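Heads up, protein.pdb below (PDB, C-alpha atoms):
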```pdb
MODEL        1
ATOM      1  CA  MET Q  13      68.901 124.271 -20.149
ATOM      2  CA  LYS Q  14      67.335 122.825 -23.271
ATOM      3  CA  ARG Q  15      69.871 124.641 -25.413
ATOM      4  CA  SER Q  16      72.741 123.124 -23.449
ATOM      5  CA  LEU Q  17      71.385 119.640 -23.805
ATOM      6  CA  LEU Q  18      70.918 120.137 -27.516
ATOM      7  CA  ALA Q  19      74.524 121.347 -27.892
ATOM      8  CA  ILE Q  20      75.876 118.248 -26.142
ATOM      9  CA  LEU Q  21      73.850 115.969 -28.346
ATOM     10  CA  ILE Q  22      75.170 117.708 -31.430
ATOM     11  CA  VAL Q  23      78.800 117.285 -30.279
ATOM     12  CA  LEU Q  24      78.283 113.633 -29.564
ATOM     13  CA  SER Q  25      76.804 113.075 -32.968
ATOM     14  CA  ALA Q  26      79.916 114.589 -34.559
ATOM     15  CA  THR Q  27      82.366 112.012 -33.176
ATOM     16  CA  GLY Q  28      82.361 109.991 -36.350
ATOM     17  CA  VAL Q  29      80.560 107.150 -37.946
ATOM     18  CA  ALA Q  30      82.735 104.401 -36.478
ATOM     19  CA  ALA Q  31      82.417 105.631 -32.909
ATOM     20  CA  ARG Q  32      78.688 105.980 -33.292
ATOM     21  CA  GLU Q  33      78.376 102.420 -34.533
ATOM     22  CA  TYR Q  34      80.521 101.052 -31.683
ATOM     23  CA  ALA Q  35      78.542 103.026 -29.144
ATOM     24  CA  ASP Q  36      75.571 100.927 -30.048
ATOM     25  CA  SER Q  37      77.461  97.678 -29.422
ATOM     26  CA  ALA Q  38      76.982  96.037 -26.042
ATOM     27  CA  VAL Q  39      80.515  94.604 -26.078
ATOM     28  CA  TYR Q  40      82.886  96.857 -27.997
ATOM     29  CA  GLN Q  41      82.882 100.630 -27.677
ATOM     30  CA  GLY Q  42      86.059 101.656 -29.501
ATOM     31  CA  ILE Q  43      89.797 102.139 -29.134
ATOM     32  CA  ASN Q  44      91.725 104.902 -27.388
ATOM     33  CA  LEU Q  45      95.208 105.880 -28.504
ATOM     34  CA  LYS Q  46      97.081 107.965 -25.930
ATOM     35  CA  ILE Q  47     100.384 109.822 -25.949
ATOM     36  CA  ASP Q  48     102.113 110.608 -22.656
ATOM     37  CA  LEU Q  49     103.344 114.169 -22.253
ATOM     38  CA  ALA Q  50     104.185 114.236 -18.554
ATOM     39  CA  THR Q  51     107.162 111.878 -18.396
ATOM     40  CA  PRO Q  52     109.459 113.778 -20.802
ATOM     41  CA  VAL Q  53     108.643 117.085 -19.130
ATOM     42  CA  LEU Q  54     109.129 115.703 -15.629
ATOM     43  CA  GLU Q  55     112.414 114.049 -16.561
ATOM     44  CA  ILE Q  56     113.733 117.269 -18.066
ATOM     45  CA  ALA Q  57     112.846 119.066 -14.849
ATOM     46  CA  ARG Q  58     114.018 116.357 -12.483
ATOM     47  CA  SER Q  59     117.116 114.912 -14.126
ATOM     48  CA  LYS Q  60     118.031 117.699 -16.559
ATOM     49  CA  ALA Q  61     117.340 115.215 -19.353
ATOM     50  CA  THR Q  62     120.020 112.741 -18.240
ATOM     51  CA  VAL Q  63     117.087 110.345 -18.080
ATOM     52  CA  MET Q  64     114.433 110.492 -20.783
ATOM     53  CA  SER Q  65     111.405 108.343 -21.458
ATOM     54  CA  TYR Q  66     108.648 108.419 -24.047
ATOM     55  CA  GLU Q  67     105.537 106.310 -24.110
ATOM     56  CA  ALA Q  68     102.159 105.740 -25.692
ATOM     57  CA  ALA Q  69      99.183 103.586 -24.839
ATOM     58  CA  LEU Q  70      96.332 101.832 -26.570
ATOM     59  CA  ASN Q  71      93.250 100.531 -24.856
ATOM     60  CA  VAL Q  72      90.015  98.945 -25.942
ATOM     61  CA  ARG Q  73      86.705  99.747 -24.295
ATOM     62  CA  LEU Q  74      84.657  96.660 -23.600
ATOM     63  CA  VAL Q  75      81.166  96.428 -22.127
ATOM     64  CA  ASN Q  76      81.495 100.075 -21.084
ATOM     65  CA  ARG Q  77      83.599  99.053 -18.113
ATOM     66  CA  PHE Q  78      86.766  97.119 -18.988
ATOM     67  CA  TYR Q  79      89.835  98.498 -20.743
ATOM     68  CA  PRO Q  80      92.463  95.958 -21.819
ATOM     69  CA  THR Q  81      95.559  98.107 -22.211
ATOM     70  CA  LEU Q  82      98.842  97.958 -24.072
ATOM     71  CA  GLU Q  83     101.556 100.520 -23.329
ATOM     72  CA  TRP Q  84     104.931 100.798 -24.994
ATOM     73  CA  GLY Q  85     107.826 103.185 -25.108
ATOM     74  CA  TYR Q  86     111.508 103.942 -25.125
ATOM     75  CA  GLY Q  87     113.812 105.129 -22.388
ATOM     76  CA  GLN Q  88     117.432 106.029 -21.866
ATOM     77  CA  GLY Q  89     119.548 106.995 -18.907
ATOM     78  CA  ASP Q  90     122.960 108.502 -18.313
ATOM     79  CA  CYS Q  91     124.685 108.949 -15.005
ATOM     80  CA  THR Q  92     128.093 110.183 -13.965
ATOM     81  CA  ALA Q  93     128.899 109.343 -10.361
ATOM     82  CA  ALA Q  94     131.895 109.061  -8.062
ATOM     83  CA  GLY Q  95     132.093 105.304  -8.509
ATOM     84  CA  GLY Q  96     131.466 105.059 -12.256
ATOM     85  CA  ASN Q  97     129.394 106.082 -15.248
ATOM     86  CA  PHE Q  98     126.279 104.496 -16.707
ATOM     87  CA  HIS Q  99     124.711 104.711 -20.140
ATOM     88  CA  GLY Q 100     121.750 102.603 -21.158
ATOM     89  CA  MET Q 101     118.799 102.609 -23.531
ATOM     90  CA  GLY Q 102     116.017 100.260 -24.482
ATOM     91  CA  GLY Q 103     112.354  99.613 -25.073
ATOM     92  CA  PHE Q 104     109.607  98.585 -22.731
ATOM     93  CA  GLY Q 105     106.042  97.344 -22.834
ATOM     94  CA  ARG Q 106     103.226  96.882 -20.374
ATOM     95  CA  ILE Q 107     100.002  94.941 -20.637
ATOM     96  CA  GLY Q 108      97.144  95.211 -18.219
ATOM     97  CA  LEU Q 109      93.545  95.915 -17.558
ATOM     98  CA  ASP Q 110      91.722  99.009 -16.350
ATOM     99  CA  LEU Q 111      88.323  99.026 -14.756
ATOM    100  CA  ALA Q 112      85.924 101.951 -14.715
ATOM    101  CA  ALA Q 113      85.765 102.381 -10.973
ATOM    102  CA  LEU Q 114      82.381 104.071 -10.790
ATOM    103  CA  LYS Q 115      79.414 102.097 -12.040
ATOM    104  CA  LYS Q 116      77.769 105.246 -13.218
ATOM    105  CA  SER Q 117      80.818 106.540 -15.048
ATOM    106  CA  ARG Q 118      79.813 108.785 -17.832
ATOM    107  CA  LYS Q 119      80.534 107.560 -21.276
ATOM    108  CA  ASP Q 120      83.505 109.873 -21.884
ATOM    109  CA  ASN Q 121      84.557 110.813 -18.344
ATOM    110  CA  MET Q 122      85.674 108.117 -15.999
ATOM    111  CA  LEU Q 123      87.777 107.089 -13.050
ATOM    112  CA  LEU Q 124      90.015 104.131 -13.832
ATOM    113  CA  VAL Q 125      91.875 101.661 -11.650
ATOM    114  CA  GLY Q 126      93.969  98.834 -12.995
ATOM    115  CA  ILE Q 127      97.044  96.654 -12.971
ATOM    116  CA  ARG Q 128     100.001  96.257 -15.331
ATOM    117  CA  LEU Q 129     102.737  93.777 -16.013
ATOM    118  CA  GLY Q 130     105.743  95.530 -17.476
ATOM    119  CA  THR Q 131     108.970  94.384 -19.049
ATOM    120  CA  ALA Q 132     111.975  96.195 -20.447
ATOM    121  CA  VAL Q 133     114.966  95.071 -22.459
ATOM    122  CA  GLN Q 134     117.929  97.360 -22.657
ATOM    123  CA  GLY Q 135     121.536  97.521 -23.688
ATOM    124  CA  TYR Q 136     123.851  99.344 -21.333
ATOM    125  CA  GLU Q 137     127.427  99.954 -20.374
ATOM    126  CA  LEU Q 138     129.298 101.032 -17.282
ATOM    127  CA  THR Q 139     132.559 102.837 -17.732
ATOM    128  CA  ASP Q 140     135.227 104.144 -15.424
ATOM    129  CA  VAL Q 141     134.013 102.012 -12.497
ATOM    130  CA  ARG Q 142     136.485 102.769  -9.712
ATOM    131  CA  VAL Q 143     138.430 100.286  -7.628
ATOM    132  CA  TRP Q 144     140.643 101.667  -4.906
ATOM    133  CA  ASP Q 145     143.312  99.520  -3.247
ATOM    134  CA  THR Q 146     143.826 101.273   0.043
ATOM    135  CA  TYR Q 147     147.051  99.592   1.057
ATOM    136  CA  TRP Q 148     148.541  99.303  -2.416
ATOM    137  CA  GLN Q 149     147.522 102.856  -3.189
ATOM    138  CA  LYS Q 150     146.391 101.773  -6.621
ATOM    139  CA  TYR Q 151     143.492 103.403  -8.356
ATOM    140  CA  THR Q 152     142.141 101.307 -11.206
ATOM    141  CA  THR Q 153     139.003 101.399 -13.286
ATOM    142  CA  ARG Q 154     136.793  98.822 -14.904
ATOM    143  CA  GLY Q 155     134.551  98.936 -17.949
ATOM    144  CA  TYR Q 156     131.562  96.749 -18.784
ATOM    145  CA  ASP Q 157     130.429  97.044 -22.393
ATOM    146  CA  HIS Q 158     127.630  95.518 -24.433
ATOM    147  CA  MET Q 159     125.599  94.478 -21.401
ATOM    148  CA  VAL Q 160     122.011  93.371 -22.049
ATOM    149  CA  ARG Q 161     119.366  92.935 -19.402
ATOM    150  CA  ALA Q 162     115.632  92.277 -19.159
ATOM    151  CA  ASP Q 163     113.591  93.372 -16.155
ATOM    152  CA  VAL Q 164     110.012  92.660 -15.117
ATOM    153  CA  TRP Q 165     107.756  94.565 -12.761
ATOM    154  CA  GLY Q 166     104.131  94.964 -11.741
ATOM    155  CA  GLU Q 167     102.083  98.113 -11.338
ATOM    156  CA  VAL Q 168      98.907  99.278  -9.689
ATOM    157  CA  VAL Q 169      97.487 102.297 -11.494
ATOM    158  CA  ALA Q 170      94.713 104.805 -10.975
ATOM    159  CA  GLY Q 171      93.660 107.582 -13.271
ATOM    160  CA  VAL Q 172      91.013 109.743 -14.791
ATOM    161  CA  GLN Q 173      89.982 110.239 -18.372
ATOM    162  CA  VAL Q 174      87.844 113.134 -19.550
ATOM    163  CA  LYS Q 175      86.588 114.179 -22.910
ATOM    164  CA  VAL Q 176      88.089 117.417 -24.245
ATOM    165  CA  TYR Q 177      86.666 117.916 -27.691
ATOM    166  CA  LYS Q 178      84.959 115.553 -30.090
ATOM    167  CA  SER Q 179      87.126 112.396 -30.166
ATOM    168  CA  PHE Q 180      89.941 113.924 -28.159
ATOM    169  CA  HIS Q 181      90.374 113.268 -24.468
ATOM    170  CA  MET Q 182      92.952 113.748 -21.758
ATOM    171  CA  GLY Q 183      93.784 112.000 -18.529
ATOM    172  CA  TRP Q 184      96.115 111.347 -15.647
ATOM    173  CA  TYR Q 185      97.587 108.158 -14.342
ATOM    174  CA  VAL Q 186      99.502 107.611 -11.114
ATOM    175  CA  ARG Q 187     101.431 104.373 -10.780
ATOM    176  CA  LEU Q 188     102.936 102.341  -7.991
ATOM    177  CA  LYS Q 189     105.578 100.045  -9.436
ATOM    178  CA  LEU Q 190     107.086  96.953  -7.833
ATOM    179  CA  LEU Q 191     110.219  95.452  -9.361
ATOM    180  CA  PHE Q 192     110.206  91.656  -9.615
ATOM    181  CA  THR Q 193     113.754  91.247 -10.953
ATOM    182  CA  ARG Q 194     115.598  92.435  -7.894
ATOM    183  CA  LYS Q 195     119.294  93.159  -7.855
ATOM    184  CA  GLU Q 196     121.643  90.291  -7.190
ATOM    185  CA  ASN Q 197     124.463  91.442  -4.949
ATOM    186  CA  GLY Q 198     127.708  92.056  -6.745
ATOM    187  CA  THR Q 199     126.380  91.895 -10.287
ATOM    188  CA  VAL Q 200     126.711  94.777 -12.697
ATOM    189  CA  ASN Q 201     123.095  95.783 -13.065
ATOM    190  CA  ALA Q 202     121.545  98.672 -14.908
ATOM    191  CA  TRP Q 203     121.144 101.838 -12.886
ATOM    192  CA  TYR Q 204     118.013 102.818 -14.806
ATOM    193  CA  ILE Q 205     115.206 100.662 -16.240
ATOM    194  CA  PRO Q 206     113.157 102.028 -19.169
ATOM    195  CA  GLY Q 207     109.499 102.234 -18.214
ATOM    196  CA  PHE Q 208     110.205 101.520 -14.559
ATOM    197  CA  GLY Q 209     112.653 104.222 -13.511
ATOM    198  CA  TYR Q 210     115.690 104.129 -11.282
ATOM    199  CA  ARG Q 211     116.636 100.674 -10.087
ATOM    200  CA  GLN Q 212     115.081 100.247  -6.677
ATOM    201  CA  ASP Q 213     112.452  97.923  -5.321
ATOM    202  CA  THR Q 214     109.542 100.326  -5.805
ATOM    203  CA  ASN Q 215     108.897 103.427  -7.862
ATOM    204  CA  PHE Q 216     106.145 105.928  -8.428
ATOM    205  CA  GLY Q 217     105.154 107.193 -11.829
ATOM    206  CA  ILE Q 218     102.807 109.751 -13.273
ATOM    207  CA  ASN Q 219     101.476 110.238 -16.780
ATOM    208  CA  TYR Q 220      99.482 112.941 -18.442
ATOM    209  CA  TYR Q 221      97.875 111.661 -21.598
ATOM    210  CA  LEU Q 222      96.345 113.251 -24.611
ATOM    211  CA  GLY Q 223      94.261 110.722 -26.507
ATOM    212  CA  TRP Q 224      92.089 110.094 -29.467
ATOM    213  CA  LYS Q 225      89.171 107.752 -29.604
ATOM    214  CA  PHE Q 226      88.479 105.937 -32.841
TER     215      PHE Q 226
ATOM    216  CA  MET R  16     143.462  93.342  13.426
ATOM    217  CA  VAL R  17     141.622  95.223  10.760
ATOM    218  CA  VAL R  18     139.371  93.169   8.532
ATOM    219  CA  THR R  19     138.758  94.467   5.064
ATOM    220  CA  GLU R  20     136.907  93.035   2.127
ATOM    221  CA  ASP R  21     140.033  92.104   0.230
ATOM    222  CA  THR R  22     142.224  90.855   3.034
ATOM    223  CA  MET R  23     143.807  87.422   3.008
ATOM    224  CA  TYR R  24     144.755  85.615   6.184
ATOM    225  CA  LEU R  25     147.901  83.568   6.686
ATOM    226  CA  SER R  26     148.470  81.154   9.526
ATOM    227  CA  SER R  27     151.563  79.424  10.808
ATOM    228  CA  PHE R  28     151.686  76.510  13.246
ATOM    229  CA  THR R  29     153.656  78.434  15.823
ATOM    230  CA  ALA R  30     154.218  82.081  16.408
ATOM    231  CA  VAL R  31     157.222  83.724  14.820
ATOM    232  CA  ASP R  32     159.330  85.780  17.199
ATOM    233  CA  SER R  33     159.430  88.885  15.028
ATOM    234  CA  VAL R  34     157.815  89.748  11.712
ATOM    235  CA  THR R  35     158.125  92.684   9.357
ATOM    236  CA  VAL R  36     155.864  92.736   6.294
ATOM    237  CA  GLN R  37     155.941  95.213   3.446
ATOM    238  CA  GLY R  38     154.369  95.128  -0.004
ATOM    239  CA  VAL R  39     156.814  94.946  -2.874
ATOM    240  CA  GLY R  40     156.994  98.279  -4.637
ATOM    241  CA  ILE R  41     155.528 100.502  -1.927
ATOM    242  CA  ASP R  42     156.839 102.146   1.208
ATOM    243  CA  SER R  43     154.004 101.342   3.576
ATOM    244  CA  VAL R  44     154.831  98.683   6.185
ATOM    245  CA  LEU R  45     152.026  96.425   7.370
ATOM    246  CA  TYR R  46     153.839  94.778  10.301
ATOM    247  CA  ASN R  47     156.907  96.483  11.681
ATOM    248  CA  ASN R  48     159.073  94.109  13.726
ATOM    249  CA  GLN R  49     155.975  92.784  15.404
ATOM    250  CA  LYS R  50     156.577  90.179  18.092
ATOM    251  CA  ASN R  51     155.059  86.751  18.576
ATOM    252  CA  VAL R  52     152.999  86.708  15.380
ATOM    253  CA  SER R  53     150.999  83.655  14.334
ATOM    254  CA  LYS R  54     148.605  85.244  11.868
ATOM    255  CA  LEU R  55     149.001  87.838   9.151
ATOM    256  CA  SER R  56     146.327  89.822   7.413
ATOM    257  CA  LEU R  57     147.469  90.785   3.919
ATOM    258  CA  PRO R  58     145.481  92.706   1.301
ATOM    259  CA  LEU R  59     145.808  91.368  -2.234
ATOM    260  CA  ARG R  60     146.191  93.552  -5.276
ATOM    261  CA  SER R  61     143.222  94.139  -7.546
ATOM    262  CA  ASP R  62     145.176  95.373 -10.542
ATOM    263  CA  THR R  63     147.234  92.215 -11.084
ATOM    264  CA  THR R  64     146.890  88.511 -10.369
ATOM    265  CA  GLU R  65     150.111  88.290  -8.401
ATOM    266  CA  THR R  66     150.820  89.915  -5.056
ATOM    267  CA  ARG R  67     154.299  90.021  -3.542
ATOM    268  CA  TYR R  68     155.292  90.785   0.031
ATOM    269  CA  LEU R  69     158.718  91.200   1.570
ATOM    270  CA  LEU R  70     158.752  89.292   4.846
ATOM    271  CA  THR R  71     161.421  89.521   7.479
ATOM    272  CA  LEU R  72     160.976  86.512   9.736
ATOM    273  CA  ASN R  73     163.279  86.438  12.752
ATOM    274  CA  SER R  74     165.593  88.800  10.860
ATOM    275  CA  GLN R  75     165.717  86.544   7.783
ATOM    276  CA  PRO R  76     164.327  87.897   4.521
ATOM    277  CA  GLU R  77     161.797  86.089   2.374
ATOM    278  CA  THR R  78     159.601  87.124  -0.542
ATOM    279  CA  LEU R  79     156.097  85.718  -0.407
ATOM    280  CA  VAL R  80     154.378  85.357  -3.779
ATOM    281  CA  ILE R  81     150.616  84.827  -3.913
ATOM    282  CA  LYS R  82     148.961  84.065  -7.214
ATOM    283  CA  HIS R  83     145.252  84.728  -7.358
ATOM    284  CA  GLU R  84     142.300  85.563  -9.523
ATOM    285  CA  ASN R  85     140.371  88.796  -9.116
ATOM    286  CA  ASN R  86     136.581  88.932  -9.234
ATOM    287  CA  ASP R  87     134.770  92.255  -9.375
ATOM    288  CA  TYR R  88     131.939  92.766  -6.934
ATOM    289  CA  PHE R  89     129.961  95.734  -8.141
ATOM    290  CA  VAL R  90     128.424  97.800  -5.360
ATOM    291  CA  SER R  91     126.918 100.901  -6.922
ATOM    292  CA  LEU R  92     127.670 103.840  -9.153
ATOM    293  CA  ALA R  93     128.384 105.850  -6.044
ATOM    294  CA  CYS R  94     130.805 103.354  -4.497
ATOM    295  CA  GLY R  95     132.262 101.546  -7.495
ATOM    296  CA  CYS R  96     133.591  97.999  -7.109
ATOM    297  CA  PHE R  97     135.024  95.773  -4.471
ATOM    298  CA  VAL R  98     137.366  93.084  -5.697
ATOM    299  CA  PHE R  99     137.217  89.620  -4.187
ATOM    300  CA  HIS R 100     139.857  87.026  -4.890
ATOM    301  CA  GLU R 101     140.426  83.331  -5.429
ATOM    302  CA  VAL R 102     143.828  82.174  -4.219
ATOM    303  CA  ASP R 103     145.646  79.740  -6.487
ATOM    304  CA  THR R 104     149.068  79.253  -4.937
ATOM    305  CA  ALA R 105     151.488  80.796  -2.459
ATOM    306  CA  PHE R 106     155.220  80.237  -2.212
ATOM    307  CA  GLY R 107     158.465  81.814  -1.096
ATOM    308  CA  THR R 108     161.420  82.663  -3.290
ATOM    309  CA  ASN R 109     164.271  82.520  -0.766
ATOM    310  CA  GLY R 110     163.760  79.057   0.741
ATOM    311  CA  LEU R 111     162.503  80.193   4.121
ATOM    312  CA  ILE R 112     158.944  79.156   3.305
ATOM    313  CA  ILE R 113     159.330  75.466   2.567
ATOM    314  CA  ASP R 114     155.677  74.721   1.850
ATOM    315  CA  SER R 115     152.217  76.239   1.873
ATOM    316  CA  GLU R 116     148.653  75.023   1.987
ATOM    317  CA  VAL R 117     145.652  76.906   0.621
ATOM    318  CA  ILE R 118     142.883  76.234   3.138
ATOM    319  CA  ASN R 119     140.238  78.508   1.705
ATOM    320  CA  THR R 120     140.614  79.866  -1.795
ATOM    321  CA  ALA R 121     137.914  82.507  -1.426
ATOM    322  CA  VAL R 122     139.057  85.889  -0.134
ATOM    323  CA  GLN R 123     135.967  87.906   0.654
ATOM    324  CA  ASN R 124     134.656  90.207   3.333
ATOM    325  CA  VAL R 125     134.595  87.540   6.031
ATOM    326  CA  GLU R 126     137.406  86.673   8.383
ATOM    327  CA  GLN R 127     138.781  83.215   7.711
ATOM    328  CA  ASP R 128     142.171  81.593   7.347
ATOM    329  CA  ASN R 129     143.216  81.243   3.730
ATOM    330  CA  ILE R 130     146.786  79.937   3.653
ATOM    331  CA  LYS R 131     149.055  78.050   6.013
ATOM    332  CA  LEU R 132     152.800  78.636   5.654
ATOM    333  CA  TYR R 133     155.461  76.128   6.669
ATOM    334  CA  ILE R 134     158.641  77.945   7.605
ATOM    335  CA  SER R 135     162.083  76.568   8.302
ATOM    336  CA  PHE R 136     164.800  78.626  10.007
TER     337      PHE R 136
ENDMDL
END
```

Represent the structure from my file as structure tokens, please.
Amino acid sequence: MKRSLLAILIVLSATGVAAREYADSAVYQGINLKIDLATPVLEIARSKATVMSYEAALNVRLVNRFYPTLEWGYGQGDCTAAGGNFHGMGGFGRIGLDLAALKKSRKDNMLLVGIRLGTAVQGYELTDVRVWDTYWQKYTTRGYDHMVRADVWGEVVAGVQVKVYKSFHMGWYVRLKLLFTRKENGTVNAWYIPGFGYRQDTNFGINYYLGWKF
Amino acid sequence: MVVTEDTMYLSSFTAVDSVTVQGVGIDSVLYNNQKNVSKLSLPLRSDTTETRYLLTLNSQPETLVIKHENNDYFVSLACGCFVFHEVDTAFGTNGLIIDSEVINTAVQNVEQDNIKLYISF
């Protein structure tokens, strides 16, 4: 038992000078940089890569309990359907705050709950949009190029973060997303929203992060 | 009477004894020697801004020309687009329709009268 405790203390002492200094601060305990691995893998499996999204996150640990968070990324979507084709791509960002849910969260292992405000700006086009005149027996198509759209949504998130080795950690997030910029009937909106997902009122998301504390 | 999203309605003051209506350029007949007609339901074209119908009113021929704008109404990638219309003018080319009045310019997926035709035999 004493040997185990000694080993843990030695690992903690090897996390670097900066981290050690911040650990002594009552307010600021360092920055976490995280790269999401789950979304690209899930999109390859789910959409056969017709939709792809990549994202990273940065959060700051304050008073051992609060984590102001910035997330950013890039997404693109392609769809070929009976009524038309969609192609869009753009960037997105989210800001928010996580809270260590358990008061006695360990320093490097924690349960997090939080909120996000997300926005995405993308350029997109719809091609070969079908119009069928039943009586006139005319089949025509429409194209909408160089469309630009911004969307805004909110999220409630929950996740875990655990230390893996030295300054490296991993974690999961699950997200419930609520779109604020709802579709206006008849308008040519984007079928996919980077960072949010398919255009619908609500979406779920999941992330698996690998991170580095510095 | 079938109501569709792109159908325009025509009204006359009094019923016409017999009416045959056919789109110019196609074989399909919308009204085939129909009796005692006071209202027509005519789909407008989405590929041009002018729709022409051949009317036979009490055995007398007339060509009805309707000029309109087309406005896309996007539904979804699965369904594509509807096209709604704004009617500008309507007139006849053979003198049977002596005047017309656009009551409602908007042609959408609600049933309402759009044009009144004044016909002289």

Quiz prompt | 12 Å contacts from chain Q to chain R using only C-alpha atoms, as number ranges by chain | solution = Q: 90-99, 137-156, 195-204, 211-212

Practice problem: Rounded to one decimal place, report the CA of Thr108 (chain R)-CA of Ser33 (chain R) distance in Å. | Solution: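 Atom-to-atom, CA of Thr108 (chain R) and CA of Ser33 (chain R) are spaced 19.4 Å apart.
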
Self-check item: Point-to-point distance in Å for CA of Gln88 (chain Q) and CA of Arg194 (chain Q)
Solution: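 Here the two named atoms are 19.6 Å from each other.
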
Quiz item: What gap, in Å, lies between CA of Lys175 (chain Q) and CA of Arg106 (chain Q)?
Solution: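 Spanning CA of Lys175 (chain Q) to CA of Arg106 (chain Q) is a straight-line distance of 24.1 Å.
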
For the structure provided, state which residues fall under the PyMOL selection byres ((chain Q and resi 111) around 10), and present them as a compact mmCIF listing (two decimals) with C-alpha atoms, keeping the file's coordinate frame.
```txt
# COMPACT_ATOMS: atom_id res chain seq x y z
CA ARG Q 73 86.70 99.75 -24.30
CA LEU Q 74 84.66 96.66 -23.60
CA ASN Q 76 81.50 100.08 -21.08
CA ARG Q 77 83.60 99.05 -18.11
CA PHE Q 78 86.77 97.12 -18.99
CA TYR Q 79 89.84 98.50 -20.74
CA PRO Q 80 92.46 95.96 -21.82
CA LEU Q 109 93.54 95.92 -17.56
CA ASP Q 110 91.72 99.01 -16.35
CA ALA Q 112 85.92 101.95 -14.72
CA ALA Q 113 85.76 102.38 -10.97
CA LEU Q 114 82.38 104.07 -10.79
CA LYS Q 115 79.41 102.10 -12.04
CA MET Q 122 85.67 108.12 -16.00
CA LEU Q 123 87.78 107.09 -13.05
CA LEU Q 124 90.02 104.13 -13.83
CA VAL Q 125 91.88 101.66 -11.65
CA GLY Q 126 93.97 98.83 -13.00
CA ILE Q 127 97.04 96.65 -12.97
CA ALA Q 170 94.71 104.80 -10.98
```

Quiz item: Which of these, Q:Gly103, Q:Gly135, Q:Leu129, Q:Phe226, has the shortest distance to Glu167 (chain Q) once you count only C-alpha atoms?
Solution: Q:Leu129

Return as JSON the centre and edge lengths, in Å with one decimal, of the box along x, y and z that encloses every atom of region 71-77 of chain R in the file, padded by 8 Å per side.
```
{"center_x": 163.3, "center_y": 87.8, "center_z": 7.6, "size_x": 20.7, "size_y": 19.4, "size_z": 26.4}
```

Self-check item: Spatial sel., origin (84.6, 111.9, -20.1), limit 10 Å, only C-alpha atoms, listed as a list in words
Solution: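 Residues lying no farther than 10 Å from the given point: Ser117, Arg118, Lys119, Asp120, Asn121, Met122, Leu123, Val172, Gln173, Val174, Lys175, Val176, Tyr177, Phe180, His181, Met182 and Gly183 of chain Q.
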
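Distance cut-off 9 Å, centre (167.7, 76.4, 8.2), atoms counted all atoms listed in the file; the residues meeting this are Gly110, Leu111, Ser135 and Phe136 of chain R.
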
Quiz item: How would you write, as number ranges by chain, the residues chosen by the PyMOL selection byres ((chain Q and resi 65) around 6) on this structure?
Solution: Q: 52, 64, 66, 86-87

Quiz prompt | Pick from Q:Met101, Q:Leu191, Q:Ala38, Q:Val186 nearest to Thr131 (chain Q), counting all atoms listed in the file | solution = Q:Leu191

Practice problem: To verify the selection step, state as a ChimeraX atom specification which residues the PyMOL selection byres ((chain R and resi 83) around 12) yields on this input. | Solution: /R:21,23,58-67,80-82,84-86,98-105,117,120-122,129

Please produce region 48-56 of chain R, completed to N, CA, C and O atoms, as an mmCIF file, in the coordinates of the input.
```cif
data_model
loop_
_atom_site.group_PDB
_atom_site.id
_atom_site.type_symbol
_atom_site.label_atom_id
_atom_site.label_comp_id
_atom_site.auth_asym_id
_atom_site.auth_seq_id
_atom_site.Cartn_x
_atom_site.Cartn_y
_atom_site.Cartn_z
ATOM 1 N N ASN R 48 158.357 94.811 12.658
ATOM 2 C CA ASN R 48 159.073 94.109 13.726
ATOM 3 C C ASN R 48 158.122 93.696 14.854
ATOM 4 O O ASN R 48 158.426 93.839 16.037
ATOM 5 N N GLN R 49 157.006 93.179 14.432
ATOM 6 C CA GLN R 49 155.975 92.784 15.404
ATOM 7 C C GLN R 49 156.365 91.454 16.051
ATOM 8 O O GLN R 49 156.865 90.548 15.385
ATOM 9 N N LYS R 50 156.125 91.350 17.336
ATOM 10 C CA LYS R 50 156.577 90.179 18.092
ATOM 11 C C LYS R 50 155.470 89.123 18.211
ATOM 12 O O LYS R 50 154.285 89.459 18.262
ATOM 13 N N ASN R 51 155.930 87.886 18.270
ATOM 14 C CA ASN R 51 155.059 86.751 18.576
ATOM 15 C C ASN R 51 153.817 86.714 17.663
ATOM 16 O O ASN R 51 152.676 86.715 18.131
ATOM 17 N N VAL R 52 154.081 86.663 16.366
ATOM 18 C CA VAL R 52 152.999 86.708 15.380
ATOM 19 C C VAL R 52 152.689 85.299 14.884
ATOM 20 O O VAL R 52 153.599 84.551 14.506
ATOM 21 N N SER R 53 151.392 84.951 14.893
ATOM 22 C CA SER R 53 150.999 83.655 14.334
ATOM 23 C C SER R 53 150.011 83.813 13.177
ATOM 24 O O SER R 53 149.637 82.836 12.528
ATOM 25 N N LYS R 54 149.578 85.027 12.949
ATOM 26 C CA LYS R 54 148.605 85.244 11.868
ATOM 27 C C LYS R 54 148.863 86.598 11.219
ATOM 28 O O LYS R 54 149.109 87.589 11.915
ATOM 29 N N LEU R 55 148.827 86.597 9.899
ATOM 30 C CA LEU R 55 149.001 87.838 9.151
ATOM 31 C C LEU R 55 147.739 88.136 8.355
ATOM 32 O O LEU R 55 147.084 87.222 7.847
ATOM 33 N N SER R 56 147.451 89.382 8.227
ATOM 34 C CA SER R 56 146.327 89.822 7.413
ATOM 35 C C SER R 56 146.889 90.672 6.276
ATOM 36 O O SER R 56 147.403 91.762 6.512
#
```
